[in-house]
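Novice: Before anything else, here's the structure in question.
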Amino acid sequence: MKALVYDGPREVHVKDVPDARIEQPTDVLVKITSTNICGSDLHMYEGRTDLEPGMVLGHENLGIVAEVGDAVVKVATGDRVCLPFNIGCGFCRNCEEGLTAFCLTVHPDPAMAGAAFGFAGMGPFWGGQAEYLRVPFGDFNCLRLPEDAQDKETDYVMLSDIFPTGWHCTRLADMRPGDSVVVYGAGPVGLMAAYSAMIQGASQVMVVDRHPDRLRLAERIGATPIDDSRGDPVEQVLDATGGHGADKGCECVGYQAHDPQGHEDAAMTMNRLVDSVRFTGHIGVVGIFLPQDRNASDELERKGKIAFDMGKFWFKGQKVGTGQANVKHYNRQLRDLIHQGRATPSWIVSHELPLAEAESGYQHFDARDDGWTKVVLHP
Ligand code: NAD
Ligand code: ZN
């Protein structure tokens with residue numbers, strides 16, 4: 001089959017690989033029809049992880065069930081399904097509590113919790129930027145889609161990651177109706193956090209970034225764009241909230257935070273959130289803070305550790321929630337919001353490309369070229 005393979009930093013190629021197939025009786029084989037490129041793929045693409053060459057990338061997948069293992073009972077050939085990026089077993093203590101991003105059995109290393117498709121450090125599972133994807137524990141990990149699946153495919157494929165991840169960020173921040181919310185980062189994840197806050201009844205949503213195309217999208221959904229190339233974003237948030245700061249904050253950038261002046265600081269957004277959120281407010285963090293980089297200088301290697309201002313955070317009595325999104329936990333509800341027309345996350349999509357053009361999709365998305373907000377690939 002054809003698949004997008006990681007061959008080294010900024011070297012991804014569409015090539016022939018052995019066909020994905022059923023390996024366990026609980027597996028489901030899915031013919032992929034839509035698969036997105038994610039900001040998380042860029043950590044691997046740019047060579048900041050210890051991913052070995054040969055991995056098929058792609059953790060935001062949707063398709064049609066092509067074959068099921070003998071032990072599969074809930075999905076059948078022909079079903080249209082969306083696949084959460086995390087792979088859960090469904091029966092460990094964490095999966096039972098809905099913490100499917102921290103499944104205790106799927107990752108082969110017992111010291112690790114959580115597994116994912118096509119992801120450095122998250123197990124050996126190939127991703128779905130390919131013609132076919134093997135889905136372990138298919139009964140648990142396939143979200144069946146309703147009859148409008150084909151018409152709304154670019155909406156439903158956002159259920160695999162960024163829509164639930166944005167939603168998760170607002171839940172980590174304990175956002176309530178009427179709250180004001182500030183989101184750092186207007187990438188696909190930050191924009192979905194802002195959108196989730198709007199849907200859940202935030203009174204005011206502010207989104208900080210500097211890319212005009214991304215800030216325009218924030219404005220289009222009713223959020224207030226805050227351009228940090230025009231001045232200190234913290235001051236702009238305080239000005240917009242009567243000097244108190246936002247009730248809740250969302251971190252959707254991660255350790256590669258930098259500012260328009262070119263200053264890099266992995267703790268930048270966390271410290272700006274502490275300053276931008278009111279006393280006793282909550283902060284949700286979904287941006288990734290990678291602990292190491294095989295090829296990096298010492299300074300970069302330390303980037304999982306950040307110079308977070310614990311003193312100010314403590315003094316303000318704030319709370320923080322972190323981690324990968326338990327996608328499965330939100331999927332049924334968010335699917336139904338889409339089905340009922342209450343959510344249309346496809347507004348984030350800027351480009352739809354055939355899998356054969358994935359390499360150019362990666363280049364443009366990685367360069368954050370104007371207008372390249374979210375790329376959907378169709379194998
Ligand atoms: P992205 O790289 O497309 O977007 C990041 C945005 O942050 C960019 O628009 C960039 O201009 C902006 N930015 C950089 N520095 C900033 C600063 N100091 N202040 C404000 N904005 C700043 O990535 P994405 O796809 O939106 O993903 C965002 C993060 O979320 C990544 O770290 C990704 O790995 C992570 N992620 C986490 C989960 C999860 O489950 N927790 C899931 C998906 C993605
Ligand atoms: Zn993703």
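Labeling convention for the structure tokens: chains A, B, ... as they appear, residues from 1 per chain, ligands from 1 in order of appearance.
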What are the closest atom pairs, with distances in Å to one decimal, for all residues of chain A lying within 7 Å of ligand 1? Consider only C-alpha atoms and all ligand atoms, order rows by chain and residue number, and present the result as JSON lines.
Specialist:
```
{"residue": "A:Cys38", "atom": "CA", "partner": "ligand 1", "partner_atom_place_in_ligand_line": "25 (O)", "distance": 4.9}
{"residue": "A:Gly39", "atom": "CA", "partner": "ligand 1", "partner_atom_place_in_ligand_line": "25 (O)", "distance": 3.2}
{"residue": "A:Ser40", "atom": "CA", "partner": "ligand 1", "partner_atom_place_in_ligand_line": "34 (O)", "distance": 3.5}
{"residue": "A:His43", "atom": "CA", "partner": "ligand 1", "partner_atom_place_in_ligand_line": "34 (O)", "distance": 6.9}
{"residue": "A:Asp161", "atom": "CA", "partner": "ligand 1", "partner_atom_place_in_ligand_line": "42 (C)", "distance": 6.0}
{"residue": "A:Ile162", "atom": "CA", "partner": "ligand 1", "partner_atom_place_in_ligand_line": "43 (C)", "distance": 5.7}
{"residue": "A:Thr165", "atom": "CA", "partner": "ligand 1", "partner_atom_place_in_ligand_line": "40 (O)", "distance": 5.3}
{"residue": "A:Tyr184", "atom": "CA", "partner": "ligand 1", "partner_atom_place_in_ligand_line": "20 (C)", "distance": 4.6}
{"residue": "A:Gly185", "atom": "CA", "partner": "ligand 1", "partner_atom_place_in_ligand_line": "21 (N)", "distance": 3.6}
{"residue": "A:Ala186", "atom": "CA", "partner": "ligand 1", "partner_atom_place_in_ligand_line": "9 (O)", "distance": 4.7}
{"residue": "A:Gly187", "atom": "CA", "partner": "ligand 1", "partner_atom_place_in_ligand_line": "26 (O)", "distance": 3.3}
{"residue": "A:Pro188", "atom": "CA", "partner": "ligand 1", "partner_atom_place_in_ligand_line": "26 (O)", "distance": 4.0}
{"residue": "A:Val189", "atom": "CA", "partner": "ligand 1", "partner_atom_place_in_ligand_line": "26 (O)", "distance": 3.8}
{"residue": "A:Gly190", "atom": "CA", "partner": "ligand 1", "partner_atom_place_in_ligand_line": "26 (O)", "distance": 5.5}
{"residue": "A:Val208", "atom": "CA", "partner": "ligand 1", "partner_atom_place_in_ligand_line": "20 (C)", "distance": 4.9}
{"residue": "A:Asp209", "atom": "CA", "partner": "ligand 1", "partner_atom_place_in_ligand_line": "21 (N)", "distance": 4.0}
{"residue": "A:Arg210", "atom": "CA", "partner": "ligand 1", "partner_atom_place_in_ligand_line": "11 (O)", "distance": 6.0}
{"residue": "A:His211", "atom": "CA", "partner": "ligand 1", "partner_atom_place_in_ligand_line": "11 (O)", "distance": 6.1}
{"residue": "A:Arg214", "atom": "CA", "partner": "ligand 1", "partner_atom_place_in_ligand_line": "9 (O)", "distance": 6.8}
{"residue": "A:Cys252", "atom": "CA", "partner": "ligand 1", "partner_atom_place_in_ligand_line": "28 (C)", "distance": 4.8}
{"residue": "A:Val253", "atom": "CA", "partner": "ligand 1", "partner_atom_place_in_ligand_line": "7 (O)", "distance": 4.3}
{"residue": "A:Gly254", "atom": "CA", "partner": "ligand 1", "partner_atom_place_in_ligand_line": "32 (O)", "distance": 4.3}
{"residue": "A:Tyr255", "atom": "CA", "partner": "ligand 1", "partner_atom_place_in_ligand_line": "32 (O)", "distance": 6.9}
{"residue": "A:Gln256", "atom": "CA", "partner": "ligand 1", "partner_atom_place_in_ligand_line": "15 (N)", "distance": 6.5}
{"residue": "A:Ala257", "atom": "CA", "partner": "ligand 1", "partner_atom_place_in_ligand_line": "15 (N)", "distance": 3.7}
{"residue": "A:His258", "atom": "CA", "partner": "ligand 1", "partner_atom_place_in_ligand_line": "15 (N)", "distance": 4.3}
{"residue": "A:Asp259", "atom": "CA", "partner": "ligand 1", "partner_atom_place_in_ligand_line": "18 (N)", "distance": 4.8}
{"residue": "A:Met268", "atom": "CA", "partner": "ligand 1", "partner_atom_place_in_ligand_line": "18 (N)", "distance": 5.9}
{"residue": "A:Thr269", "atom": "CA", "partner": "ligand 1", "partner_atom_place_in_ligand_line": "18 (N)", "distance": 5.4}
{"residue": "A:Val286", "atom": "CA", "partner": "ligand 1", "partner_atom_place_in_ligand_line": "41 (N)", "distance": 3.7}
{"residue": "A:Gly287", "atom": "CA", "partner": "ligand 1", "partner_atom_place_in_ligand_line": "30 (O)", "distance": 3.7}
{"residue": "A:Ile288", "atom": "CA", "partner": "ligand 1", "partner_atom_place_in_ligand_line": "32 (O)", "distance": 4.0}
{"residue": "A:Gly323", "atom": "CA", "partner": "ligand 1", "partner_atom_place_in_ligand_line": "41 (N)", "distance": 5.2}
{"residue": "A:Gln324", "atom": "CA", "partner": "ligand 1", "partner_atom_place_in_ligand_line": "40 (O)", "distance": 3.3}
{"residue": "A:Ala325", "atom": "CA", "partner": "ligand 1", "partner_atom_place_in_ligand_line": "40 (O)", "distance": 3.9}
```
Novice: Write the residues of the preceding selection, restricted to C-alpha atoms, as a PDB file, in the first residue's frame.
Specialist:
```
ATOM      1  CA  CYS A  38      -1.314  17.857  12.830  1.00  0.00           C
ATOM      2  CA  GLY A  39       0.961  20.291  14.665  1.00  0.00           C
ATOM      3  CA  SER A  40       2.079  17.212  16.630  1.00  0.00           C
ATOM      4  CA  HIS A  43       7.550  17.664  16.245  1.00  0.00           C
ATOM      5  CA  ASP A 161      -7.892  14.874  17.583  1.00  0.00           C
ATOM      6  CA  ILE A 162      -8.123  18.644  17.361  1.00  0.00           C
ATOM      7  CA  THR A 165      -8.276  18.301  22.170  1.00  0.00           C
ATOM      8  CA  TYR A 184      -2.514  31.204  23.622  1.00  0.00           C
ATOM      9  CA  GLY A 185      -1.905  29.871  20.101  1.00  0.00           C
ATOM     10  CA  ALA A 186      -4.168  30.155  17.056  1.00  0.00           C
ATOM     11  CA  GLY A 187      -3.008  26.949  15.421  1.00  0.00           C
ATOM     12  CA  PRO A 188      -5.693  24.347  14.735  1.00  0.00           C
ATOM     13  CA  VAL A 189      -5.696  23.269  18.391  1.00  0.00           C
ATOM     14  CA  GLY A 190      -5.980  26.797  19.804  1.00  0.00           C
ATOM     15  CA  VAL A 208      -3.241  35.295  21.052  1.00  0.00           C
ATOM     16  CA  ASP A 209      -1.001  34.728  18.021  1.00  0.00           C
ATOM     17  CA  ARG A 210       0.591  36.809  15.287  1.00  0.00           C
ATOM     18  CA  HIS A 211      -0.343  35.092  12.034  1.00  0.00           C
ATOM     19  CA  ARG A 214      -5.102  32.487  11.898  1.00  0.00           C
ATOM     20  CA  CYS A 252      -2.203  25.587  22.864  1.00  0.00           C
ATOM     21  CA  VAL A 253       1.391  26.300  21.800  1.00  0.00           C
ATOM     22  CA  GLY A 254       3.780  24.074  23.771  1.00  0.00           C
ATOM     23  CA  TYR A 255       7.518  24.187  24.287  1.00  0.00           C
ATOM     24  CA  GLN A 256       8.344  25.850  20.965  1.00  0.00           C
ATOM     25  CA  ALA A 257       6.861  29.150  22.083  1.00  0.00           C
ATOM     26  CA  HIS A 258       8.573  32.178  20.660  1.00  0.00           C
ATOM     27  CA  ASP A 259       7.541  35.749  20.136  1.00  0.00           C
ATOM     28  CA  MET A 268       6.789  31.827  27.665  1.00  0.00           C
ATOM     29  CA  THR A 269       3.134  30.937  27.242  1.00  0.00           C
ATOM     30  CA  VAL A 286      -2.624  20.787  25.825  1.00  0.00           C
ATOM     31  CA  GLY A 287       0.458  22.181  24.065  1.00  0.00           C
ATOM     32  CA  ILE A 288       3.222  19.576  24.223  1.00  0.00           C
ATOM     33  CA  GLY A 323      -2.009  16.199  29.236  1.00  0.00           C
ATOM     34  CA  GLN A 324      -3.064  14.536  26.056  1.00  0.00           C
ATOM     35  CA  ALA A 325      -6.757  14.605  25.279  1.00  0.00           C
TER      36      ALA A 325
END
```
Novice: Near Gln261 (chain A), counting only C-alpha atoms, which residues have an atom at most 12 Å away, once you skip same-chain residues fewer than 5 positions from it, shown as a count of residues only?
Specialist: 6
Novice: Determine the nearest neighbour of Ile87 (chain A) from the options A:Ser346, A:Ser203, A:Ser276, A:Asn141, counting only C-alpha atoms.
Specialist: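 The answer is A:Asn141, which sits nearest to Ile87 (chain A).
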Novice: Could you pull out the helix (DSSP H, G or I) residues of region 136-180 of chain A, going by DSSP on the backbone, and write them as a ChimeraX atom specification?
Specialist: /A:138-141,153-160,162-172
Novice: Find the residues around region 169-181 of chain A up to 9 Å (only C-alpha atoms counted), leave out those fewer than 4 positions away in its own chain, and share them as number ranges by chain.
Specialist: A: 164-165, 190, 193-194, 196-197, 200-207, 241, 245-252, 277, 281-286, 319-323, 325
Novice: Can you spit out the residues from that selection as a CSV table (one decimal), in the first residue's frame, using N, CA, C and O atoms?
Specialist:
```csv
chain,number,residue,atom,x,y,z
A,164,PRO,N,-11.8,17.4,19.9
A,164,PRO,CA,-11.8,17.0,21.3
A,164,PRO,C,-10.6,17.6,22.1
A,164,PRO,O,-10.7,17.8,23.3
A,165,THR,N,-9.4,17.8,21.4
A,165,THR,CA,-8.3,18.3,22.2
A,165,THR,C,-8.6,19.7,22.6
A,165,THR,O,-8.3,20.1,23.7
A,190,GLY,N,-5.5,25.6,19.1
A,190,GLY,CA,-6.0,26.8,19.8
A,190,GLY,C,-7.3,27.3,19.2
A,190,GLY,O,-8.2,27.7,20.0
A,193,ALA,N,-9.9,25.1,20.6
A,193,ALA,CA,-10.2,25.5,22.0
A,193,ALA,C,-11.1,26.7,22.1
A,193,ALA,O,-12.1,26.7,22.9
A,194,ALA,N,-10.8,27.7,21.3
A,194,ALA,CA,-11.6,28.9,21.3
A,194,ALA,C,-13.1,28.6,20.8
A,194,ALA,O,-14.0,29.0,21.4
A,196,SER,N,-14.6,25.7,21.0
A,196,SER,CA,-15.2,24.9,22.1
A,196,SER,C,-15.7,25.8,23.2
A,196,SER,O,-16.8,25.6,23.8
A,197,ALA,N,-14.9,26.8,23.5
A,197,ALA,CA,-15.3,27.7,24.6
A,197,ALA,C,-16.6,28.5,24.1
A,197,ALA,O,-17.5,28.7,24.9
A,200,GLN,N,-19.6,26.3,24.4
A,200,GLN,CA,-20.0,26.1,25.8
A,200,GLN,C,-20.4,27.3,26.5
A,200,GLN,O,-20.6,27.3,27.8
A,201,GLY,N,-20.5,28.4,25.8
A,201,GLY,CA,-21.1,29.6,26.4
A,201,GLY,C,-20.2,30.6,27.1
A,201,GLY,O,-20.6,31.3,28.0
A,202,ALA,N,-18.9,30.6,26.7
A,202,ALA,CA,-18.0,31.7,27.2
A,202,ALA,C,-18.6,33.0,26.9
A,202,ALA,O,-19.2,33.3,25.8
A,203,SER,N,-18.3,34.0,27.8
A,203,SER,CA,-18.8,35.4,27.6
A,203,SER,C,-17.9,36.1,26.7
A,203,SER,O,-18.3,37.0,25.9
A,204,GLN,N,-16.6,35.7,26.7
A,204,GLN,CA,-15.6,36.5,26.0
A,204,GLN,C,-14.4,35.5,25.7
A,204,GLN,O,-14.0,34.8,26.7
A,205,VAL,N,-14.0,35.4,24.5
A,205,VAL,CA,-12.8,34.5,24.1
A,205,VAL,C,-11.8,35.4,23.4
A,205,VAL,O,-12.1,36.0,22.5
A,206,MET,N,-10.6,35.3,24.0
A,206,MET,CA,-9.5,36.1,23.3
A,206,MET,C,-8.4,35.1,22.9
A,206,MET,O,-8.1,34.1,23.5
A,207,VAL,N,-7.9,35.3,21.7
A,207,VAL,CA,-6.9,34.3,21.1
A,207,VAL,C,-5.7,35.1,20.7
A,207,VAL,O,-5.7,36.1,20.0
A,241,THR,N,-10.1,43.0,30.0
A,241,THR,CA,-10.8,42.3,31.1
A,241,THR,C,-10.9,43.2,32.4
A,241,THR,O,-10.9,42.7,33.5
A,245,GLY,N,-7.8,40.2,34.4
A,245,GLY,CA,-7.4,39.0,33.7
A,245,GLY,C,-8.6,38.1,33.4
A,245,GLY,O,-9.7,38.3,33.9
A,246,ALA,N,-8.3,37.1,32.5
A,246,ALA,CA,-9.4,36.2,32.1
A,246,ALA,C,-9.7,35.2,33.2
A,246,ALA,O,-8.9,34.9,34.0
A,247,ASP,N,-11.0,34.7,33.2
A,247,ASP,CA,-11.3,33.7,34.2
A,247,ASP,C,-10.6,32.4,34.0
A,247,ASP,O,-10.2,31.8,35.0
A,248,LYS,N,-10.4,32.1,32.7
A,248,LYS,CA,-9.8,30.8,32.4
A,248,LYS,C,-8.8,31.0,31.3
A,248,LYS,O,-8.9,31.9,30.5
A,249,GLY,N,-7.7,30.1,31.2
A,249,GLY,CA,-6.7,30.2,30.2
A,249,GLY,C,-6.5,28.9,29.5
A,249,GLY,O,-6.6,27.8,30.2
A,250,CYS,N,-6.1,28.9,28.2
A,250,CYS,CA,-5.8,27.7,27.5
A,250,CYS,C,-4.4,27.8,26.9
A,250,CYS,O,-4.1,28.8,26.1
A,251,GLU,N,-3.5,26.8,27.1
A,251,GLU,CA,-2.2,26.8,26.5
A,251,GLU,C,-2.3,25.8,25.3
A,251,GLU,O,-2.4,24.6,25.5
A,252,CYS,N,-2.1,26.4,24.1
A,252,CYS,CA,-2.2,25.6,22.9
A,252,CYS,C,-1.0,25.9,22.0
A,252,CYS,O,-1.1,26.0,20.7
A,277,VAL,N,-4.4,35.4,33.4
A,277,VAL,CA,-5.5,34.8,34.1
A,277,VAL,C,-5.7,35.4,35.5
A,277,VAL,O,-4.7,35.6,36.2
A,281,GLY,N,-8.0,31.7,39.0
A,281,GLY,CA,-8.4,31.2,37.7
A,281,GLY,C,-7.7,29.9,37.4
A,281,GLY,O,-6.7,29.5,38.0
A,282,HIS,N,-8.3,29.1,36.4
A,282,HIS,CA,-7.7,27.8,36.0
A,282,HIS,C,-7.1,27.9,34.6
A,282,HIS,O,-7.5,28.7,33.8
A,283,ILE,N,-6.0,27.1,34.4
A,283,ILE,CA,-5.3,27.0,33.1
A,283,ILE,C,-5.3,25.6,32.6
A,283,ILE,O,-5.0,24.7,33.4
A,284,GLY,N,-5.7,25.4,31.4
A,284,GLY,CA,-5.6,24.1,30.8
A,284,GLY,C,-4.4,24.1,29.8
A,284,GLY,O,-4.2,25.0,29.1
A,285,VAL,N,-3.6,23.0,29.8
A,285,VAL,CA,-2.4,22.9,29.0
A,285,VAL,C,-2.5,21.7,28.1
A,285,VAL,O,-2.4,20.6,28.5
A,286,VAL,N,-2.7,21.9,26.8
A,286,VAL,CA,-2.6,20.8,25.8
A,286,VAL,C,-1.4,20.9,24.9
A,286,VAL,O,-1.1,19.9,24.2
A,319,LYS,N,-5.1,27.1,39.3
A,319,LYS,CA,-5.0,25.7,39.2
A,319,LYS,C,-4.6,25.4,37.7
A,319,LYS,O,-4.9,26.2,36.8
A,320,VAL,N,-4.0,24.2,37.5
A,320,VAL,CA,-3.6,23.9,36.1
A,320,VAL,C,-3.9,22.4,35.9
A,320,VAL,O,-3.9,21.6,36.8
A,321,GLY,N,-4.4,22.1,34.7
A,321,GLY,CA,-4.6,20.7,34.2
A,321,GLY,C,-3.8,20.5,32.9
A,321,GLY,O,-3.7,21.4,32.1
A,322,THR,N,-3.3,19.3,32.8
A,322,THR,CA,-2.4,19.1,31.6
A,322,THR,C,-2.7,17.7,30.9
A,322,THR,O,-3.5,16.9,31.4
A,323,GLY,N,-2.1,17.5,29.8
A,323,GLY,CA,-2.0,16.2,29.2
A,323,GLY,C,-2.7,16.0,27.9
A,323,GLY,O,-3.3,16.9,27.4
A,325,ALA,N,-5.3,14.7,25.2
A,325,ALA,CA,-6.8,14.6,25.3
A,325,ALA,C,-7.2,13.2,25.3
A,325,ALA,O,-6.8,12.3,24.5
```
Novice: Would you give me, as a ChimeraX atom specification, the residues in region 115-209 of chain A that DSSP reads as strand (DSSP E or B)?
Specialist: /A:116,130,132-135,143-144,180-184,204-209
Novice: When you draw a straight line from CA of Ser350 (chain A) to CA of Ala218 (chain A), how long is it in Å?
Specialist: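 These atoms are spaced 14.0 Å apart.
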